[in-house]
Amino acid sequence: MPLTVTRFAPENVSTADLAKALTDPRPASYKFEYFDISGTAAVSRDMLAYGGAEWEHVPMSWPADEIRSPFRVLPVLHITTASGTTLALSEIFVIDHYLARKFDLLGENAWEEQLIKAYHSSSCYLRERLNTRVTWNYKNVMHRAMELFLAQTLPLWIDTHSKHLRDNGSNGHYVGNKMSLADLQTANNIDHFACLNRGDEIVAMIKACPEIWRVKETVDSEPRLQAWRKSEAYKKHIEVSQAMIPPAESKAISLLNDSDEETISDYGYKETLPAPPARPAPSLTRLALTSIVHQAQTEDEEAD
């Protein structure tokens, strides 16, 4: 797959002019580049639908298509402003924060904005912890990692988020009485978990918390999101995402083979993996997935 680094904006345009174009209150149009899966792009797509934006999903095929982006990764949001300026945003938090501000999903003031971003970040971390510790983990430790997620990681998230939701009146929103980026992230997390092996266990634990489940029900009842989720594009994203998940025998199946001797840790649990015989060079997909696990390991080692 060709990987090309691109600029965020046209050359020889001042940052002041770019900022003016980016914050233009007039409607812009968007092209959203990502794979035909739900993934990290789900919340961004929900916001584009919720905001009634003029937007187009540009599906990318891995490894056939050339990836042209500022960091050689997806997603990328291409913006054409009302004045005709073209801009690109990369990195999902940046994209989500921009769209949330654009479509009034960051609360009523600066303090509410920080709260919403904090809840959103916490829920993103929960999803990434599951992805890096379970879904994309080595088969030797997948089952143990899931048990730890169900026993420690998920209950901590449920306990803390339910408290904050009660503080807000248990009204189906994290902040105030209106839809926010945090609401959308939590609802999308639950939809994502439902697609996974043992997802029924994860969803059942969340559903047992009425404050969190009410957030999902509130998001799911939003008419603009209901229309988007009935679309063929949305259905395809879910279908492809489900097809990527390994078969049900999760104790023995992993999307990664055992790699060279590594230490995988989660809340103090460590497992040393044996080094297998030499293999041919992995594909780009394998390299990308291995990089995810190695990055998580490095963070844990630094934290120790």
# chains A, B, ... in the order shown; residues from 1 in each chain; ligands from 1
$ residues_around --residues "Arg45 in chain A" --least-positions-apart "6" --cutoff "12 Å" --atoms "only C-alpha atoms" --output "PDB file with C-alpha atoms, in the first residue's frame"
ATOM      1  CA  TYR A  30     -16.844  17.337   4.090  1.00  0.00           C
ATOM      2  CA  LYS A  31     -15.178  14.219   2.748  1.00  0.00           C
ATOM      3  CA  PHE A  32     -14.409  11.615   5.373  1.00  0.00           C
ATOM      4  CA  GLU A  33     -11.754   9.050   4.451  1.00  0.00           C
ATOM      5  CA  TYR A  34     -11.724   5.807   6.377  1.00  0.00           C
ATOM      6  CA  ASP A  36     -15.602   0.549   5.432  1.00  0.00           C
ATOM      7  CA  ILE A  37     -15.812  -0.332   9.114  1.00  0.00           C
ATOM      8  CA  SER A  38     -17.242   1.281  12.213  1.00  0.00           C
ATOM      9  CA  GLY A  39     -14.009   1.583  14.182  1.00  0.00           C
ATOM     10  CA  GLY A  51     -25.318  18.073  12.324  1.00  0.00           C
ATOM     11  CA  GLY A  52     -27.090  17.641   8.992  1.00  0.00           C
ATOM     12  CA  ALA A  53     -23.801  18.233   7.216  1.00  0.00           C
ATOM     13  CA  GLU A  54     -23.161  17.891   3.517  1.00  0.00           C
ATOM     14  CA  TRP A  55     -20.682  15.034   3.639  1.00  0.00           C
ATOM     15  CA  GLU A  56     -19.393  12.061   1.731  1.00  0.00           C
ATOM     16  CA  HIS A  57     -17.848   8.868   3.049  1.00  0.00           C
ATOM     17  CA  VAL A  58     -14.773   7.987   0.990  1.00  0.00           C
ATOM     18  CA  PRO A  75      -9.214   8.714   9.285  1.00  0.00           C
ATOM     19  CA  VAL A  76      -8.812  12.067   7.568  1.00  0.00           C
ATOM     20  CA  LEU A  77     -11.516  14.723   7.411  1.00  0.00           C
ATOM     21  CA  ILE A  92      -9.440  11.133  15.689  1.00  0.00           C
ATOM     22  CA  ILE A  95     -11.527  15.456  14.258  1.00  0.00           C
ATOM     23  CA  ASP A  96     -14.030  14.637  16.993  1.00  0.00           C
ATOM     24  CA  LEU A  99     -16.972  18.363  14.700  1.00  0.00           C
ATOM     25  CA  ALA A 100     -18.323  18.542  18.251  1.00  0.00           C
ATOM     26  CA  LEU A 181     -19.699  14.285  22.311  1.00  0.00           C
ATOM     27  CA  LEU A 184     -22.163   9.762  21.508  1.00  0.00           C
ATOM     28  CA  GLN A 185     -18.899   8.094  22.518  1.00  0.00           C
ATOM     29  CA  ASN A 188     -20.920   3.962  20.244  1.00  0.00           C
ATOM     30  CA  ARG A 224     -31.214  12.313  12.952  1.00  0.00           C
ATOM     31  CA  LEU A 225     -29.118   9.407  14.188  1.00  0.00           C
ATOM     32  CA  TRP A 228     -28.290   7.596   9.573  1.00  0.00           C
ATOM     33  CA  ARG A 229     -28.292   4.167  11.202  1.00  0.00           C
ATOM     34  CA  ALA A 233     -23.641   2.874   4.429  1.00  0.00           C
ATOM     35  CA  TYR A 234     -24.034   2.511   8.187  1.00  0.00           C
ATOM     36  CA  HIS A 237     -19.830  -0.478   8.334  1.00  0.00           C
TER      37      HIS A 237
END
$ select_by_dssp --residues "range 90-134 of chain A" --states "helix (DSSP H, G or I)" --output "PyMOL selection string"
chain A and resi 92-102+110-134
$ residues_around --residues "Asn171 in chain A" --least-positions-apart "6" --cutoff "9 Å" --atoms "only C-alpha atoms" --output "ChimeraX atom specification"
/A:165,177,211,214-215,218
$ write_last_selection --atoms "N, CA and C atoms" --output "mmCIF file, in the first residue's frame"
data_model
loop_
_atom_site.group_PDB
_atom_site.id
_atom_site.type_symbol
_atom_site.label_atom_id
_atom_site.label_comp_id
_atom_site.auth_asym_id
_atom_site.auth_seq_id
_atom_site.Cartn_x
_atom_site.Cartn_y
_atom_site.Cartn_z
ATOM 1 N N LEU A 165 -22.841 10.615 36.062
ATOM 2 C CA LEU A 165 -24.161 10.728 35.446
ATOM 3 C C LEU A 165 -25.239 10.986 36.499
ATOM 4 N N ASN A 177 -28.534 19.143 29.782
ATOM 5 C CA ASN A 177 -29.709 18.414 29.310
ATOM 6 C C ASN A 177 -29.749 18.378 27.784
ATOM 7 N N GLU A 211 -27.968 4.401 34.760
ATOM 8 C CA GLU A 211 -27.533 5.747 34.356
ATOM 9 C C GLU A 211 -26.826 5.709 33.000
ATOM 10 N N ARG A 214 -29.233 4.623 30.093
ATOM 11 C CA ARG A 214 -30.134 5.691 29.665
ATOM 12 C C ARG A 214 -29.455 6.616 28.654
ATOM 13 N N VAL A 215 -28.143 6.775 28.765
ATOM 14 C CA VAL A 215 -27.406 7.560 27.765
ATOM 15 C C VAL A 215 -27.551 6.908 26.401
ATOM 16 N N THR A 218 -31.009 7.399 25.015
ATOM 17 C CA THR A 218 -31.219 8.783 24.582
ATOM 18 C C THR A 218 -30.583 9.024 23.216
#
$ residues_around --residues "range 11-17 of chain A" --least-positions-apart "4" --cutoff "12 Å" --atoms "only C-alpha atoms" --output "ChimeraX atom specification"
/A:6-7,21-24,81,83,85-87
$ write_last_selection --atoms "all heavy atoms" --output "CSV table (one decimal), in the first residue's frame"
chain,number,residue,atom,x,y,z
A,6,THR,N,0.9,14.1,3.4
A,6,THR,CA,0.2,15.3,2.7
A,6,THR,C,0.2,16.5,3.7
A,6,THR,O,0.4,16.3,4.9
A,6,THR,CB,-1.2,15.0,2.3
A,6,THR,OG1,-2.0,14.6,3.4
A,6,THR,CG2,-1.2,13.9,1.2
A,7,ARG,N,0.0,17.7,3.2
A,7,ARG,CA,-0.1,18.9,4.0
A,7,ARG,C,-1.5,19.0,4.6
A,7,ARG,O,-2.5,18.5,4.1
A,7,ARG,CB,0.2,20.1,3.2
A,7,ARG,CG,1.7,20.3,2.8
A,7,ARG,CD,1.9,21.6,2.1
A,7,ARG,NE,3.3,21.8,1.9
A,7,ARG,CZ,4.0,21.4,0.9
A,7,ARG,NH1,3.4,20.8,-0.1
A,7,ARG,NH2,5.3,21.6,0.8
A,21,ALA,N,-11.0,30.7,8.0
A,21,ALA,CA,-11.8,29.8,7.2
A,21,ALA,C,-12.4,28.6,8.0
A,21,ALA,O,-13.5,28.2,7.8
A,21,ALA,CB,-10.9,29.2,6.1
A,22,LEU,N,-11.6,28.1,8.9
A,22,LEU,CA,-12.0,27.0,9.7
A,22,LEU,C,-13.2,27.3,10.6
A,22,LEU,O,-14.0,26.4,10.9
A,22,LEU,CB,-10.8,26.4,10.6
A,22,LEU,CG,-11.1,25.1,11.3
A,22,LEU,CD1,-11.2,24.0,10.3
A,22,LEU,CD2,-9.9,24.8,12.2
A,23,THR,N,-13.2,28.5,11.1
A,23,THR,CA,-14.3,28.9,12.0
A,23,THR,C,-15.4,29.7,11.4
A,23,THR,O,-16.3,30.2,12.0
A,23,THR,CB,-13.7,29.8,13.2
A,23,THR,OG1,-13.0,30.9,12.6
A,23,THR,CG2,-12.7,29.0,14.0
A,24,ASP,N,-15.4,29.7,10.1
A,24,ASP,CA,-16.5,30.3,9.3
A,24,ASP,C,-17.8,29.7,9.7
A,24,ASP,O,-18.0,28.5,9.6
A,24,ASP,CB,-16.2,30.1,7.8
A,24,ASP,CG,-17.2,30.9,6.9
A,24,ASP,OD1,-18.3,31.2,7.4
A,24,ASP,OD2,-16.8,31.3,5.8
A,81,THR,N,-14.5,24.8,2.9
A,81,THR,CA,-15.2,25.9,3.6
A,81,THR,C,-16.1,26.6,2.6
A,81,THR,O,-16.0,26.5,1.4
A,81,THR,CB,-14.3,26.8,4.3
A,81,THR,OG1,-13.6,27.6,3.3
A,81,THR,CG2,-13.3,26.1,5.2
A,83,SER,N,-15.9,29.6,1.8
A,83,SER,CA,-15.1,30.5,1.0
A,83,SER,C,-14.3,29.7,0.0
A,83,SER,O,-13.6,30.3,-0.8
A,83,SER,CB,-14.2,31.3,1.9
A,83,SER,OG,-13.3,30.4,2.6
A,85,THR,N,-11.9,27.4,0.7
A,85,THR,CA,-10.6,26.9,1.3
A,85,THR,C,-10.7,25.4,1.6
A,85,THR,O,-11.7,25.0,2.1
A,85,THR,CB,-10.2,27.7,2.5
A,85,THR,OG1,-10.2,29.1,2.2
A,85,THR,CG2,-8.9,27.2,3.1
A,86,THR,N,-9.7,24.7,1.2
A,86,THR,CA,-9.7,23.2,1.5
A,86,THR,C,-8.7,23.0,2.7
A,86,THR,O,-7.5,23.4,2.6
A,86,THR,CB,-9.3,22.4,0.3
A,86,THR,OG1,-8.0,22.9,-0.2
A,86,THR,CG2,-10.3,22.6,-0.8
A,87,LEU,N,-9.1,22.2,3.7
A,87,LEU,CA,-8.3,21.9,4.8
A,87,LEU,C,-8.4,20.4,5.1
A,87,LEU,O,-9.4,19.8,4.7
A,87,LEU,CB,-8.8,22.7,6.0
A,87,LEU,CG,-8.9,24.2,5.9
A,87,LEU,CD1,-9.7,24.8,7.1
A,87,LEU,CD2,-7.5,24.8,5.8
$ residues_around --residues "Trp213 in chain A" --least-positions-apart "3" --cutoff "10 Å" --atoms "only C-alpha atoms" --output "number ranges by chain"
A: 162, 172, 186-187, 190, 203, 206-210, 216-218
$ write_last_selection --atoms "N, CA and C atoms" --output "mmCIF file, in the first residue's frame"
data_model
loop_
_atom_site.group_PDB
_atom_site.id
_atom_site.type_symbol
_atom_site.label_atom_id
_atom_site.label_comp_id
_atom_site.auth_asym_id
_atom_site.auth_seq_id
_atom_site.Cartn_x
_atom_site.Cartn_y
_atom_site.Cartn_z
ATOM 1 N N SER A 162 -21.070 6.160 36.170
ATOM 2 C CA SER A 162 -22.416 6.192 36.747
ATOM 3 C C SER A 162 -22.521 7.273 37.824
ATOM 4 N N GLY A 172 -29.845 10.960 31.073
ATOM 5 C CA GLY A 172 -29.463 10.484 29.750
ATOM 6 C C GLY A 172 -28.374 11.295 29.094
ATOM 7 N N THR A 186 -20.032 7.125 24.434
ATOM 8 C CA THR A 186 -20.482 6.009 25.261
ATOM 9 C C THR A 186 -21.449 5.112 24.493
ATOM 10 N N ALA A 187 -22.404 5.697 23.781
ATOM 11 C CA ALA A 187 -23.355 4.893 23.007
ATOM 12 C C ALA A 187 -22.647 4.076 21.933
ATOM 13 N N ILE A 190 -20.797 1.009 23.344
ATOM 14 C CA ILE A 190 -21.673 -0.135 23.606
ATOM 15 C C ILE A 190 -21.979 -0.880 22.311
ATOM 16 N N VAL A 203 -21.935 -6.011 27.393
ATOM 17 C CA VAL A 203 -23.141 -5.202 27.288
ATOM 18 C C VAL A 203 -24.055 -5.436 28.487
ATOM 19 N N ILE A 206 -22.907 -3.384 31.406
ATOM 20 C CA ILE A 206 -23.220 -1.965 31.225
ATOM 21 C C ILE A 206 -24.721 -1.721 31.381
ATOM 22 N N LYS A 207 -25.504 -2.616 30.824
ATOM 23 C CA LYS A 207 -26.960 -2.451 30.886
ATOM 24 C C LYS A 207 -27.465 -2.506 32.323
ATOM 25 N N ALA A 208 -26.741 -3.198 33.179
ATOM 26 C CA ALA A 208 -27.137 -3.274 34.590
ATOM 27 C C ALA A 208 -26.968 -1.944 35.310
ATOM 28 N N CYS A 209 -26.310 -0.985 34.664
ATOM 29 C CA CYS A 209 -26.163 0.364 35.223
ATOM 30 C C CYS A 209 -27.179 1.280 34.546
ATOM 31 N N PRO A 210 -28.273 1.631 35.193
ATOM 32 C CA PRO A 210 -29.336 2.388 34.524
ATOM 33 C C PRO A 210 -28.889 3.769 34.050
ATOM 34 N N LYS A 216 -27.354 5.597 26.336
ATOM 35 C CA LYS A 216 -27.487 4.901 25.056
ATOM 36 C C LYS A 216 -28.900 5.042 24.501
ATOM 37 N N GLU A 217 -29.900 4.881 25.350
ATOM 38 C CA GLU A 217 -31.279 4.998 24.887
ATOM 39 C C GLU A 217 -31.569 6.407 24.369
ATOM 40 N N THR A 218 -31.009 7.399 25.015
ATOM 41 C CA THR A 218 -31.219 8.783 24.582
ATOM 42 C C THR A 218 -30.583 9.024 23.216
#
$ select_by_dssp --residues "range 5-137 of chain A" --states "strand (DSSP E or B)" --output "PyMOL selection string"
chain A and resi 5+29-35+54-60+67-69+76-80+86-90
$ write_last_selection --atoms "N, CA, C and O atoms" --output "CSV table (one decimal), in the first residue's frame"
chain,number,residue,atom,x,y,z
A,5,VAL,N,2.7,11.3,2.6
A,5,VAL,CA,2.5,12.4,3.6
A,5,VAL,C,1.9,13.6,2.9
A,5,VAL,O,2.5,14.0,1.9
A,29,SER,N,-18.6,21.7,3.5
A,29,SER,CA,-18.8,20.4,3.0
A,29,SER,C,-17.6,19.5,3.4
A,29,SER,O,-16.5,20.0,3.6
A,30,TYR,N,-17.9,18.2,3.5
A,30,TYR,CA,-16.8,17.3,4.1
A,30,TYR,C,-16.7,16.1,3.3
A,30,TYR,O,-17.7,15.5,2.7
A,31,LYS,N,-15.5,15.6,3.2
A,31,LYS,CA,-15.2,14.2,2.7
A,31,LYS,C,-14.4,13.5,3.9
A,31,LYS,O,-13.4,14.0,4.4
A,32,PHE,N,-15.0,12.3,4.2
A,32,PHE,CA,-14.4,11.6,5.4
A,32,PHE,C,-13.8,10.3,4.9
A,32,PHE,O,-14.5,9.4,4.4
A,33,GLU,N,-12.5,10.2,4.9
A,33,GLU,CA,-11.8,9.1,4.5
A,33,GLU,C,-11.5,8.1,5.6
A,33,GLU,O,-10.9,8.4,6.6
A,34,TYR,N,-12.0,6.9,5.4
A,34,TYR,CA,-11.7,5.8,6.4
A,34,TYR,C,-12.1,4.5,5.7
A,34,TYR,O,-12.7,4.5,4.6
A,35,PHE,N,-11.8,3.4,6.4
A,35,PHE,CA,-12.2,2.1,5.9
A,35,PHE,C,-13.7,1.9,6.1
A,35,PHE,O,-14.3,2.5,6.8
A,54,GLU,N,-23.4,18.4,4.9
A,54,GLU,CA,-23.2,17.9,3.5
A,54,GLU,C,-21.8,17.1,3.5
A,54,GLU,O,-20.8,17.7,3.6
A,55,TRP,N,-21.9,15.8,3.5
A,55,TRP,CA,-20.7,15.0,3.6
A,55,TRP,C,-20.7,13.8,2.8
A,55,TRP,O,-21.8,13.3,2.5
A,56,GLU,N,-19.6,13.3,2.5
A,56,GLU,CA,-19.4,12.1,1.7
A,56,GLU,C,-18.4,11.1,2.4
A,56,GLU,O,-17.3,11.6,2.8
A,57,HIS,N,-18.8,9.9,2.6
A,57,HIS,CA,-17.8,8.9,3.0
A,57,HIS,C,-17.0,8.4,1.9
A,57,HIS,O,-17.5,7.9,0.9
A,58,VAL,N,-15.7,8.5,2.0
A,58,VAL,CA,-14.8,8.0,1.0
A,58,VAL,C,-14.1,6.7,1.5
A,58,VAL,O,-13.2,6.8,2.3
A,59,PRO,N,-14.6,5.5,1.1
A,59,PRO,CA,-14.1,4.3,1.7
A,59,PRO,C,-12.7,4.0,1.1
A,59,PRO,O,-12.5,4.2,-0.1
A,60,MET,N,-11.8,3.5,2.0
A,60,MET,CA,-10.5,3.2,1.6
A,60,MET,C,-10.4,1.7,1.7
A,60,MET,O,-10.9,1.1,2.7
A,67,ILE,N,-2.8,5.6,0.7
A,67,ILE,CA,-3.2,6.4,1.8
A,67,ILE,C,-2.5,7.7,1.8
A,67,ILE,O,-1.3,7.8,1.9
A,68,ARG,N,-3.2,8.8,1.6
A,68,ARG,CA,-2.6,10.1,1.5
A,68,ARG,C,-3.2,10.9,2.7
A,68,ARG,O,-4.3,11.3,2.8
A,69,SER,N,-2.3,11.2,3.7
A,69,SER,CA,-2.7,11.9,4.9
A,69,SER,C,-1.5,12.5,5.6
A,69,SER,O,-0.4,12.1,5.3
A,76,VAL,N,-9.1,10.7,7.9
A,76,VAL,CA,-8.8,12.1,7.6
A,76,VAL,C,-10.1,12.7,7.2
A,76,VAL,O,-10.9,12.2,6.5
A,77,LEU,N,-10.3,13.9,7.7
A,77,LEU,CA,-11.5,14.7,7.4
A,77,LEU,C,-11.1,15.9,6.5
A,77,LEU,O,-10.3,16.7,6.9
A,78,HIS,N,-11.6,15.9,5.3
A,78,HIS,CA,-11.3,16.9,4.3
A,78,HIS,C,-12.4,17.9,4.4
A,78,HIS,O,-13.6,17.6,4.2
A,79,ILE,N,-12.1,19.2,4.6
A,79,ILE,CA,-13.1,20.3,4.8
A,79,ILE,C,-13.0,21.2,3.6
A,79,ILE,O,-11.9,21.7,3.3
A,80,THR,N,-14.1,21.5,3.0
A,80,THR,CA,-14.1,22.6,2.0
A,80,THR,C,-15.1,23.7,2.6
A,80,THR,O,-16.3,23.5,2.7
A,86,THR,N,-9.7,24.7,1.2
A,86,THR,CA,-9.7,23.2,1.5
A,86,THR,C,-8.7,23.0,2.7
A,86,THR,O,-7.5,23.4,2.6
A,87,LEU,N,-9.1,22.2,3.7
A,87,LEU,CA,-8.3,21.9,4.8
A,87,LEU,C,-8.4,20.4,5.1
A,87,LEU,O,-9.4,19.8,4.7
A,88,ALA,N,-7.4,19.9,5.8
A,88,ALA,CA,-7.5,18.5,6.2
A,88,ALA,C,-7.2,18.4,7.7
A,88,ALA,O,-6.3,19.0,8.2
A,89,LEU,N,-8.0,17.6,8.4
A,89,LEU,CA,-7.8,17.3,9.8
A,89,LEU,C,-7.5,15.8,9.9
A,89,LEU,O,-8.1,14.9,9.3
A,90,SER,N,-6.5,15.5,10.8
A,90,SER,CA,-6.1,14.1,11.0
A,90,SER,C,-6.0,13.9,12.5
A,90,SER,O,-5.9,14.8,13.3
$ closest_residue --among "A:Phe103, A:Lys139, A:Ile116, A:Asp191" --to "Ala49 in chain A" --atoms "only C-alpha atoms"
A:Phe103
$ closest_residue --among "A:Thr153, A:Thr40, A:Met146, A:Phe71" --to "Glu201 in chain A" --atoms "only C-alpha atoms"
A:Met146
$ closest_residue --among "A:Ser180, A:Asn109, A:Ser241, A:Thr135" --to "Ala42 in chain A" --atoms "only C-alpha atoms"
A:Ser241
$ atom_distance --atom1 "CA of Ala151 in chain A" --atom2 "CA of Phe93 in chain A"
27.9 Å
$ atom_distance --atom1 "CA of Val219 in chain A" --atom2 "CA of Trp111 in chain A"
22.5 Å
